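Enquirer: So here's my_file_17.cif, just mmCIF, N, CA and C atoms and all ligand atoms:
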data_coords
#
loop_
_atom_site.label_atom_id
_atom_site.label_comp_id
_atom_site.auth_asym_id
_atom_site.auth_seq_id
_atom_site.Cartn_x
_atom_site.Cartn_y
_atom_site.Cartn_z
N VAL K 26 -12.16 5.02 -5.10
CA VAL K 26 -11.57 4.30 -3.96
C VAL K 26 -11.11 2.91 -4.41
N HIS K 27 -9.86 2.62 -4.17
CA HIS K 27 -9.32 1.35 -4.66
C HIS K 27 -8.87 0.45 -3.51
N GLU K 28 -9.39 0.71 -2.31
CA GLU K 28 -8.98 -0.10 -1.16
C GLU K 28 -9.23 -1.59 -1.38
N LEU K 29 -10.35 -1.91 -2.02
CA LEU K 29 -10.68 -3.33 -2.18
C LEU K 29 -9.66 -4.03 -3.06
N SER K 30 -9.20 -3.37 -4.13
CA SER K 30 -8.21 -4.01 -4.98
C SER K 30 -6.87 -4.10 -4.25
N LEU K 31 -6.58 -3.11 -3.42
CA LEU K 31 -5.35 -3.19 -2.62
C LEU K 31 -5.42 -4.36 -1.66
N VAL K 32 -6.59 -4.53 -1.04
CA VAL K 32 -6.75 -5.62 -0.09
C VAL K 32 -6.58 -6.97 -0.77
N SER K 33 -7.16 -7.13 -1.96
CA SER K 33 -7.02 -8.43 -2.60
C SER K 33 -5.56 -8.68 -3.01
N GLU K 34 -4.84 -7.61 -3.33
CA GLU K 34 -3.42 -7.74 -3.65
C GLU K 34 -2.64 -8.14 -2.39
N ILE K 35 -2.95 -7.51 -1.25
CA ILE K 35 -2.31 -7.87 0.01
C ILE K 35 -2.54 -9.35 0.32
N LEU K 36 -3.79 -9.77 0.17
CA LEU K 36 -4.13 -11.14 0.51
C LEU K 36 -3.47 -12.15 -0.42
N ARG K 37 -3.38 -11.78 -1.68
CA ARG K 37 -2.73 -12.68 -2.64
C ARG K 37 -1.27 -12.91 -2.22
N ILE K 38 -0.57 -11.82 -1.91
CA ILE K 38 0.83 -11.92 -1.52
C ILE K 38 0.96 -12.67 -0.19
N ALA K 39 0.07 -12.34 0.75
CA ALA K 39 0.16 -12.94 2.08
C ALA K 39 -0.11 -14.44 2.02
N GLU K 40 -1.09 -14.84 1.23
CA GLU K 40 -1.42 -16.26 1.17
C GLU K 40 -0.31 -17.04 0.46
N GLU K 41 0.34 -16.41 -0.51
CA GLU K 41 1.49 -17.04 -1.14
C GLU K 41 2.58 -17.28 -0.12
N GLY K 42 2.81 -16.27 0.74
CA GLY K 42 3.89 -16.35 1.72
C GLY K 42 3.56 -17.27 2.88
N ALA K 43 2.30 -17.39 3.22
CA ALA K 43 1.93 -18.13 4.41
C ALA K 43 1.66 -19.60 4.13
N GLY K 44 1.34 -19.93 2.90
CA GLY K 44 0.99 -21.30 2.59
C GLY K 44 -0.29 -21.68 3.33
N ALA K 45 -0.25 -22.79 4.05
CA ALA K 45 -1.45 -23.26 4.75
C ALA K 45 -1.53 -22.68 6.16
N ALA K 46 -0.50 -21.95 6.56
CA ALA K 46 -0.48 -21.43 7.93
C ALA K 46 -1.52 -20.34 8.12
N ARG K 47 -1.90 -20.13 9.36
CA ARG K 47 -2.85 -19.09 9.68
C ARG K 47 -2.11 -17.77 9.83
N ILE K 48 -2.65 -16.73 9.22
CA ILE K 48 -1.98 -15.44 9.22
C ILE K 48 -2.41 -14.63 10.44
N ARG K 49 -1.44 -14.12 11.19
CA ARG K 49 -1.77 -13.39 12.40
C ARG K 49 -1.57 -11.88 12.22
N ARG K 50 -0.56 -11.50 11.46
CA ARG K 50 -0.29 -10.08 11.30
C ARG K 50 0.33 -9.85 9.92
N ILE K 51 -0.07 -8.78 9.28
CA ILE K 51 0.51 -8.40 8.00
C ILE K 51 0.94 -6.94 8.10
N VAL K 52 2.20 -6.70 7.79
CA VAL K 52 2.69 -5.33 7.78
C VAL K 52 2.82 -4.90 6.32
N VAL K 53 2.10 -3.85 5.94
CA VAL K 53 2.17 -3.39 4.56
C VAL K 53 2.69 -1.96 4.49
N GLU K 54 3.47 -1.70 3.47
CA GLU K 54 3.89 -0.34 3.18
C GLU K 54 3.02 0.18 2.05
N VAL K 55 2.46 1.35 2.27
CA VAL K 55 1.61 1.95 1.25
C VAL K 55 2.22 3.29 0.87
N GLY K 56 2.40 3.52 -0.40
CA GLY K 56 2.92 4.81 -0.85
C GLY K 56 1.94 5.92 -0.49
N THR K 57 2.48 7.02 0.05
CA THR K 57 1.61 8.10 0.49
C THR K 57 0.72 8.60 -0.64
N TRP K 58 1.26 8.57 -1.86
CA TRP K 58 0.50 9.11 -2.99
C TRP K 58 -0.75 8.31 -3.27
N ALA K 59 -0.78 7.06 -2.82
CA ALA K 59 -1.94 6.22 -3.08
C ALA K 59 -3.17 6.76 -2.36
N ALA K 60 -2.94 7.69 -1.42
CA ALA K 60 -4.04 8.36 -0.72
C ALA K 60 -5.01 7.36 -0.10
N VAL K 61 -4.45 6.34 0.48
CA VAL K 61 -5.28 5.31 1.11
C VAL K 61 -5.66 5.76 2.51
N GLU K 62 -6.91 5.59 2.84
CA GLU K 62 -7.37 5.82 4.20
C GLU K 62 -7.11 4.56 5.01
N PRO K 63 -6.20 4.63 5.98
CA PRO K 63 -5.88 3.41 6.75
C PRO K 63 -7.12 2.76 7.35
N GLU K 64 -8.04 3.56 7.88
CA GLU K 64 -9.23 2.99 8.49
C GLU K 64 -10.07 2.25 7.46
N SER K 65 -10.18 2.84 6.29
CA SER K 65 -10.96 2.24 5.23
C SER K 65 -10.29 0.95 4.74
N LEU K 66 -8.96 0.97 4.70
CA LEU K 66 -8.22 -0.22 4.27
C LEU K 66 -8.43 -1.34 5.28
N ARG K 67 -8.38 -1.00 6.57
CA ARG K 67 -8.59 -2.01 7.61
C ARG K 67 -10.00 -2.59 7.54
N PHE K 68 -10.96 -1.72 7.27
CA PHE K 68 -12.35 -2.15 7.18
C PHE K 68 -12.52 -3.15 6.03
N CYS K 69 -11.99 -2.80 4.86
CA CYS K 69 -12.06 -3.70 3.71
C CYS K 69 -11.33 -5.01 4.00
N PHE K 70 -10.21 -4.88 4.70
CA PHE K 70 -9.41 -6.06 5.04
C PHE K 70 -10.21 -7.02 5.91
N ALA K 71 -10.89 -6.45 6.92
CA ALA K 71 -11.68 -7.28 7.82
C ALA K 71 -12.79 -8.00 7.06
N LEU K 72 -13.43 -7.31 6.12
CA LEU K 72 -14.50 -7.92 5.34
C LEU K 72 -13.95 -9.02 4.44
N ALA K 73 -12.83 -8.73 3.80
CA ALA K 73 -12.29 -9.64 2.78
C ALA K 73 -11.67 -10.89 3.39
N THR K 74 -11.30 -10.82 4.67
CA THR K 74 -10.62 -11.96 5.26
C THR K 74 -11.57 -12.89 6.02
N GLU K 75 -12.85 -12.54 6.07
CA GLU K 75 -13.81 -13.42 6.74
C GLU K 75 -13.75 -14.82 6.14
N SER K 76 -13.65 -15.81 7.02
CA SER K 76 -13.62 -17.22 6.59
C SER K 76 -12.41 -17.55 5.73
N THR K 77 -11.31 -16.82 5.90
CA THR K 77 -10.07 -17.17 5.21
C THR K 77 -9.00 -17.39 6.28
N PRO K 78 -7.83 -17.92 5.88
CA PRO K 78 -6.76 -18.12 6.88
C PRO K 78 -6.29 -16.81 7.51
N ALA K 79 -6.69 -15.70 6.95
CA ALA K 79 -6.25 -14.41 7.47
C ALA K 79 -7.32 -13.75 8.35
N GLU K 80 -8.39 -14.47 8.61
CA GLU K 80 -9.45 -13.89 9.43
C GLU K 80 -8.91 -13.51 10.81
N GLY K 81 -9.22 -12.30 11.25
CA GLY K 81 -8.78 -11.84 12.55
C GLY K 81 -7.35 -11.32 12.57
N ALA K 82 -6.67 -11.38 11.45
CA ALA K 82 -5.28 -10.91 11.40
C ALA K 82 -5.23 -9.39 11.57
N VAL K 83 -4.11 -8.92 12.13
CA VAL K 83 -3.91 -7.49 12.31
C VAL K 83 -3.24 -6.95 11.05
N LEU K 84 -3.75 -5.84 10.58
CA LEU K 84 -3.15 -5.19 9.42
C LEU K 84 -2.42 -3.93 9.88
N ASP K 85 -1.09 -3.97 9.79
CA ASP K 85 -0.28 -2.80 10.14
C ASP K 85 0.03 -2.03 8.87
N ILE K 86 -0.33 -0.76 8.87
CA ILE K 86 -0.13 0.03 7.66
C ILE K 86 0.96 1.07 7.90
N VAL K 87 2.02 1.00 7.10
CA VAL K 87 3.12 1.94 7.21
C VAL K 87 3.12 2.79 5.94
N GLU K 88 2.99 4.08 6.12
CA GLU K 88 3.00 4.95 4.95
C GLU K 88 4.44 5.32 4.59
N VAL K 89 4.80 5.12 3.35
CA VAL K 89 6.15 5.43 2.90
C VAL K 89 6.08 6.43 1.75
N PRO K 90 7.12 7.29 1.64
CA PRO K 90 7.15 8.21 0.50
C PRO K 90 7.26 7.43 -0.79
N ALA K 91 6.64 7.90 -1.83
CA ALA K 91 6.73 7.24 -3.12
C ALA K 91 7.72 7.98 -4.00
N ARG K 92 8.17 7.33 -5.07
CA ARG K 92 9.07 7.98 -6.01
C ARG K 92 8.39 8.11 -7.37
N ALA K 93 8.72 9.18 -8.04
CA ALA K 93 8.15 9.42 -9.35
C ALA K 93 9.19 10.12 -10.22
N THR K 94 8.95 10.10 -11.52
CA THR K 94 9.83 10.80 -12.44
C THR K 94 9.06 11.95 -13.06
N CYS K 95 9.69 13.13 -13.06
CA CYS K 95 9.07 14.30 -13.64
C CYS K 95 8.97 14.12 -15.15
N THR K 96 7.79 14.42 -15.71
CA THR K 96 7.62 14.23 -17.15
C THR K 96 8.26 15.36 -17.94
N ARG K 97 8.64 16.46 -17.27
CA ARG K 97 9.24 17.57 -18.01
C ARG K 97 10.77 17.52 -17.96
N CYS K 98 11.34 17.44 -16.73
CA CYS K 98 12.81 17.51 -16.63
C CYS K 98 13.43 16.16 -16.29
N GLN K 99 12.63 15.13 -16.16
CA GLN K 99 13.11 13.76 -15.90
C GLN K 99 13.77 13.59 -14.55
N ALA K 100 13.62 14.57 -13.66
CA ALA K 100 14.18 14.43 -12.33
C ALA K 100 13.41 13.38 -11.55
N GLU K 101 14.12 12.71 -10.63
CA GLU K 101 13.41 11.79 -9.74
C GLU K 101 12.91 12.58 -8.54
N VAL K 102 11.64 12.41 -8.25
CA VAL K 102 10.99 13.18 -7.20
C VAL K 102 10.54 12.22 -6.09
N VAL K 103 10.91 12.56 -4.85
CA VAL K 103 10.38 11.81 -3.71
C VAL K 103 9.11 12.50 -3.27
N VAL K 104 8.04 11.75 -3.29
CA VAL K 104 6.72 12.34 -3.06
C VAL K 104 6.24 12.03 -1.65
N GLN K 105 6.10 13.05 -0.85
CA GLN K 105 5.61 12.87 0.52
C GLN K 105 4.10 12.97 0.57
N LYS K 106 3.57 13.83 -0.27
CA LYS K 106 2.13 14.06 -0.30
C LYS K 106 1.64 13.89 -1.73
N ALA K 107 0.40 13.46 -1.84
CA ALA K 107 -0.15 13.15 -3.16
C ALA K 107 -0.12 14.37 -4.09
N TRP K 108 -0.11 15.57 -3.52
CA TRP K 108 -0.17 16.76 -4.36
C TRP K 108 1.20 17.41 -4.55
N ASP K 109 2.28 16.72 -4.15
CA ASP K 109 3.61 17.27 -4.36
C ASP K 109 3.91 17.44 -5.85
N THR K 110 4.77 18.40 -6.14
CA THR K 110 5.16 18.63 -7.52
C THR K 110 6.68 18.57 -7.63
N CYS K 111 7.19 18.54 -8.85
CA CYS K 111 8.63 18.57 -9.08
C CYS K 111 9.16 19.96 -8.73
N ALA K 112 10.47 20.03 -8.42
CA ALA K 112 11.09 21.32 -8.11
C ALA K 112 11.00 22.29 -9.29
N CYS K 113 10.86 21.75 -10.49
CA CYS K 113 10.76 22.62 -11.67
C CYS K 113 9.34 23.17 -11.83
N GLY K 114 8.42 22.73 -10.99
CA GLY K 114 7.05 23.24 -11.06
C GLY K 114 6.09 22.33 -11.79
N GLU K 115 6.62 21.30 -12.41
CA GLU K 115 5.76 20.38 -13.15
C GLU K 115 4.88 19.57 -12.18
N THR K 116 3.60 19.46 -12.49
CA THR K 116 2.71 18.69 -11.64
C THR K 116 2.45 17.30 -12.20
N ASN K 117 2.81 17.10 -13.45
CA ASN K 117 2.56 15.82 -14.10
C ASN K 117 3.74 14.88 -13.86
N LEU K 118 3.59 14.01 -12.89
CA LEU K 118 4.67 13.09 -12.52
C LEU K 118 4.30 11.67 -12.93
N ALA K 119 5.30 10.94 -13.39
CA ALA K 119 5.08 9.55 -13.77
C ALA K 119 5.45 8.67 -12.58
N TRP K 120 4.44 8.09 -11.96
CA TRP K 120 4.68 7.28 -10.77
C TRP K 120 5.39 5.99 -11.15
N HIS K 121 6.34 5.61 -10.31
CA HIS K 121 7.02 4.34 -10.55
C HIS K 121 6.06 3.21 -10.22
N SER K 122 6.00 2.26 -11.10
CA SER K 122 5.09 1.15 -10.87
C SER K 122 5.62 0.28 -9.73
N GLY K 123 4.70 -0.38 -9.06
CA GLY K 123 5.10 -1.25 -7.97
C GLY K 123 5.34 -0.52 -6.67
N GLU K 124 5.16 0.78 -6.67
CA GLU K 124 5.39 1.55 -5.46
C GLU K 124 4.13 1.68 -4.62
N GLU K 125 3.04 1.23 -5.17
CA GLU K 125 1.77 1.48 -4.52
C GLU K 125 1.65 0.75 -3.19
N LEU K 126 2.12 -0.47 -3.20
CA LEU K 126 1.89 -1.30 -2.02
C LEU K 126 2.93 -2.41 -1.95
N ARG K 127 3.40 -2.66 -0.76
CA ARG K 127 4.38 -3.72 -0.58
C ARG K 127 4.09 -4.41 0.74
N VAL K 128 4.10 -5.73 0.73
CA VAL K 128 3.96 -6.45 1.99
C VAL K 128 5.35 -6.59 2.59
N ARG K 129 5.56 -5.96 3.74
CA ARG K 129 6.90 -5.92 4.33
C ARG K 129 7.14 -7.12 5.23
N ALA K 130 6.15 -7.51 5.98
CA ALA K 130 6.34 -8.62 6.91
C ALA K 130 5.04 -9.37 7.10
N LEU K 131 5.21 -10.62 7.45
CA LEU K 131 4.08 -11.51 7.58
C LEU K 131 4.32 -12.35 8.83
N GLU K 132 3.32 -12.39 9.71
CA GLU K 132 3.46 -13.19 10.92
C GLU K 132 2.41 -14.28 10.87
N VAL K 133 2.85 -15.53 10.95
CA VAL K 133 1.91 -16.63 10.88
C VAL K 133 1.96 -17.43 12.17
N VAL K 134 0.93 -18.23 12.36
CA VAL K 134 0.87 -19.04 13.59
C VAL K 134 1.47 -20.41 13.28
ZN ZN L 1 10.75 18.57 -13.17
#
Take the structure in this file and express it as structure tokens.

Expert:
Amino acid sequence: VHELSLVSEILRIAEEGAGAARIRRIVVEVGTWAAVEPESLRFCFALATESTPAEGAVLDIVEVPARATCTRCQAEVVVQKAWDTCACGETNLAWHSGEELRVRALEVV
């Protein structure tokens, strides 16, 4: 489970964007392949933001399809589910880096 590292990444980006302002809402896009449990992510978020400018902020989680490259035929594959495979049958896909998580919007007070 990597929710905690995702949360610290979210907070790093959010605090950079918010400066000294208080964070009220963070909208994040999470690649479906990351297999993140939204409830678990929210729980970690609530713990990690205690006594920070993001305490009490709402975490909106939007699941987005991820992209990967097939290691056999080099096709680009849009991955809806973590267990998707390439059309050629290959299961070994090279995930594009940076697709795991993106902060889409930030609402500050
Ligand atoms: Zn393929």

Enquirer: Write out as a ChimeraX atom specification each polymer residue whose atoms come within 7 Å of range 77-94 of chain K, counting all atoms listed in the file; drop sequence neighbours fewer than 4 positions from it.

Expert: /K:45-58,63,67,71,73,98-106,117-121,124

Enquirer: Keeping only N, CA and C atoms, write the selected residues as a CSV table (one decimal), in the frame of the given file.

Expert:
chain,number,residue,atom,x,y,z
K,45,ALA,N,-0.2,-22.8,4.0
K,45,ALA,CA,-1.4,-23.3,4.8
K,45,ALA,C,-1.5,-22.7,6.2
K,46,ALA,N,-0.5,-22.0,6.6
K,46,ALA,CA,-0.5,-21.4,7.9
K,46,ALA,C,-1.5,-20.3,8.1
K,47,ARG,N,-1.9,-20.1,9.4
K,47,ARG,CA,-2.8,-19.1,9.7
K,47,ARG,C,-2.1,-17.8,9.8
K,48,ILE,N,-2.6,-16.7,9.2
K,48,ILE,CA,-2.0,-15.4,9.2
K,48,ILE,C,-2.4,-14.6,10.4
K,49,ARG,N,-1.4,-14.1,11.2
K,49,ARG,CA,-1.8,-13.4,12.4
K,49,ARG,C,-1.6,-11.9,12.2
K,50,ARG,N,-0.6,-11.5,11.5
K,50,ARG,CA,-0.3,-10.1,11.3
K,50,ARG,C,0.3,-9.8,9.9
K,51,ILE,N,-0.1,-8.8,9.3
K,51,ILE,CA,0.5,-8.4,8.0
K,51,ILE,C,0.9,-6.9,8.1
K,52,VAL,N,2.2,-6.7,7.8
K,52,VAL,CA,2.7,-5.3,7.8
K,52,VAL,C,2.8,-4.9,6.3
K,53,VAL,N,2.1,-3.8,5.9
K,53,VAL,CA,2.2,-3.4,4.6
K,53,VAL,C,2.7,-2.0,4.5
K,54,GLU,N,3.5,-1.7,3.5
K,54,GLU,CA,3.9,-0.3,3.2
K,54,GLU,C,3.0,0.2,2.0
K,55,VAL,N,2.5,1.4,2.3
K,55,VAL,CA,1.6,2.0,1.2
K,55,VAL,C,2.2,3.3,0.9
K,56,GLY,N,2.4,3.5,-0.4
K,56,GLY,CA,2.9,4.8,-0.8
K,56,GLY,C,1.9,5.9,-0.5
K,57,THR,N,2.5,7.0,0.0
K,57,THR,CA,1.6,8.1,0.5
K,57,THR,C,0.7,8.6,-0.6
K,58,TRP,N,1.3,8.6,-1.9
K,58,TRP,CA,0.5,9.1,-3.0
K,58,TRP,C,-0.8,8.3,-3.3
K,63,PRO,N,-6.2,4.6,6.0
K,63,PRO,CA,-5.9,3.4,6.8
K,63,PRO,C,-7.1,2.8,7.4
K,67,ARG,N,-8.4,-1.0,6.6
K,67,ARG,CA,-8.6,-2.0,7.6
K,67,ARG,C,-10.0,-2.6,7.5
K,71,ALA,N,-10.9,-6.4,6.9
K,71,ALA,CA,-11.7,-7.3,7.8
K,71,ALA,C,-12.8,-8.0,7.1
K,73,ALA,N,-12.8,-8.7,3.8
K,73,ALA,CA,-12.3,-9.6,2.8
K,73,ALA,C,-11.7,-10.9,3.4
K,98,CYS,N,11.3,17.4,-16.7
K,98,CYS,CA,12.8,17.5,-16.6
K,98,CYS,C,13.4,16.2,-16.3
K,99,GLN,N,12.6,15.1,-16.2
K,99,GLN,CA,13.1,13.8,-15.9
K,99,GLN,C,13.8,13.6,-14.6
K,100,ALA,N,13.6,14.6,-13.7
K,100,ALA,CA,14.2,14.4,-12.3
K,100,ALA,C,13.4,13.4,-11.6
K,101,GLU,N,14.1,12.7,-10.6
K,101,GLU,CA,13.4,11.8,-9.7
K,101,GLU,C,12.9,12.6,-8.5
K,102,VAL,N,11.6,12.4,-8.2
K,102,VAL,CA,11.0,13.2,-7.2
K,102,VAL,C,10.5,12.2,-6.1
K,103,VAL,N,10.9,12.6,-4.8
K,103,VAL,CA,10.4,11.8,-3.7
K,103,VAL,C,9.1,12.5,-3.3
K,104,VAL,N,8.0,11.8,-3.3
K,104,VAL,CA,6.7,12.3,-3.1
K,104,VAL,C,6.2,12.0,-1.6
K,105,GLN,N,6.1,13.0,-0.8
K,105,GLN,CA,5.6,12.9,0.5
K,105,GLN,C,4.1,13.0,0.6
K,106,LYS,N,3.6,13.8,-0.3
K,106,LYS,CA,2.1,14.1,-0.3
K,106,LYS,C,1.6,13.9,-1.7
K,117,ASN,N,2.8,17.1,-13.4
K,117,ASN,CA,2.6,15.8,-14.1
K,117,ASN,C,3.7,14.9,-13.9
K,118,LEU,N,3.6,14.0,-12.9
K,118,LEU,CA,4.7,13.1,-12.5
K,118,LEU,C,4.3,11.7,-12.9
K,119,ALA,N,5.3,10.9,-13.4
K,119,ALA,CA,5.1,9.6,-13.8
K,119,ALA,C,5.4,8.7,-12.6
K,120,TRP,N,4.4,8.1,-12.0
K,120,TRP,CA,4.7,7.3,-10.8
K,120,TRP,C,5.4,6.0,-11.2
K,121,HIS,N,6.3,5.6,-10.3
K,121,HIS,CA,7.0,4.3,-10.6
K,121,HIS,C,6.1,3.2,-10.2
K,124,GLU,N,5.2,0.8,-6.7
K,124,GLU,CA,5.4,1.6,-5.5
K,124,GLU,C,4.1,1.7,-4.6

Enquirer: Got a sec to check which residues lie within 7 Å of ligand ZN 1 (chain L), using only C-alpha atoms and all ligand atoms, and send them as a PyMOL selection string?

Expert: chain K and resi 95-100+111-115

Enquirer: Taking only chain K into account, list the residues labelled helix (DSSP H, G or I) by DSSP (computed from the backbone), as a PyMOL selection string.

Expert: chain K and resi 28-43+57-59+63-73

Enquirer: Would you please extract all strand (DSSP E or B) residues from range 55-129 of chain K, as assigned by DSSP on the backbone, and give them as a list in words?

Expert: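 After running DSSP on the backbone, range 55-129 of chain K has strand (DSSP E or B) at Val55, Gly56, Val83, Leu84, Asp85, Ile86, Val87, Glu88, Val89, Ala91, Arg92, Ala93, Thr94, Cys95, Glu101, Val102, Val103, Val104, Leu118, Ala119, Trp120, Leu126, Arg127, Val128 and Arg129 of chain K.
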
Enquirer: What is the distance, in Å and to one decimal place, between CA of Phe70 in chain K and atom C of Trp108 in chain K?

Expert: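 Distance reported for this atom pair: 27.5 Å.
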
Enquirer: Quick one: pull the distance between atom N of Val61 in chain K and CA of Glu75 in chain K, Å, one decimal.

Expert: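 Computing it gives 22.7 Å between the two atoms.
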
Enquirer: Take atom C of Gly44 in chain K and atom N of Arg129 in chain K and report the distance between them in Å, one decimal.

Expert: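 Between these atoms lies a distance of 16.8 Å.
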
Enquirer: Which one is closest to Leu31 in chain K: K:Cys69, K:Glu64, K:Ser76, K:Thr110? Count only C-alpha atoms.

Expert: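 Looking only at the distances to Leu31 in chain K, the closest residue turns out to be K:Cys69.
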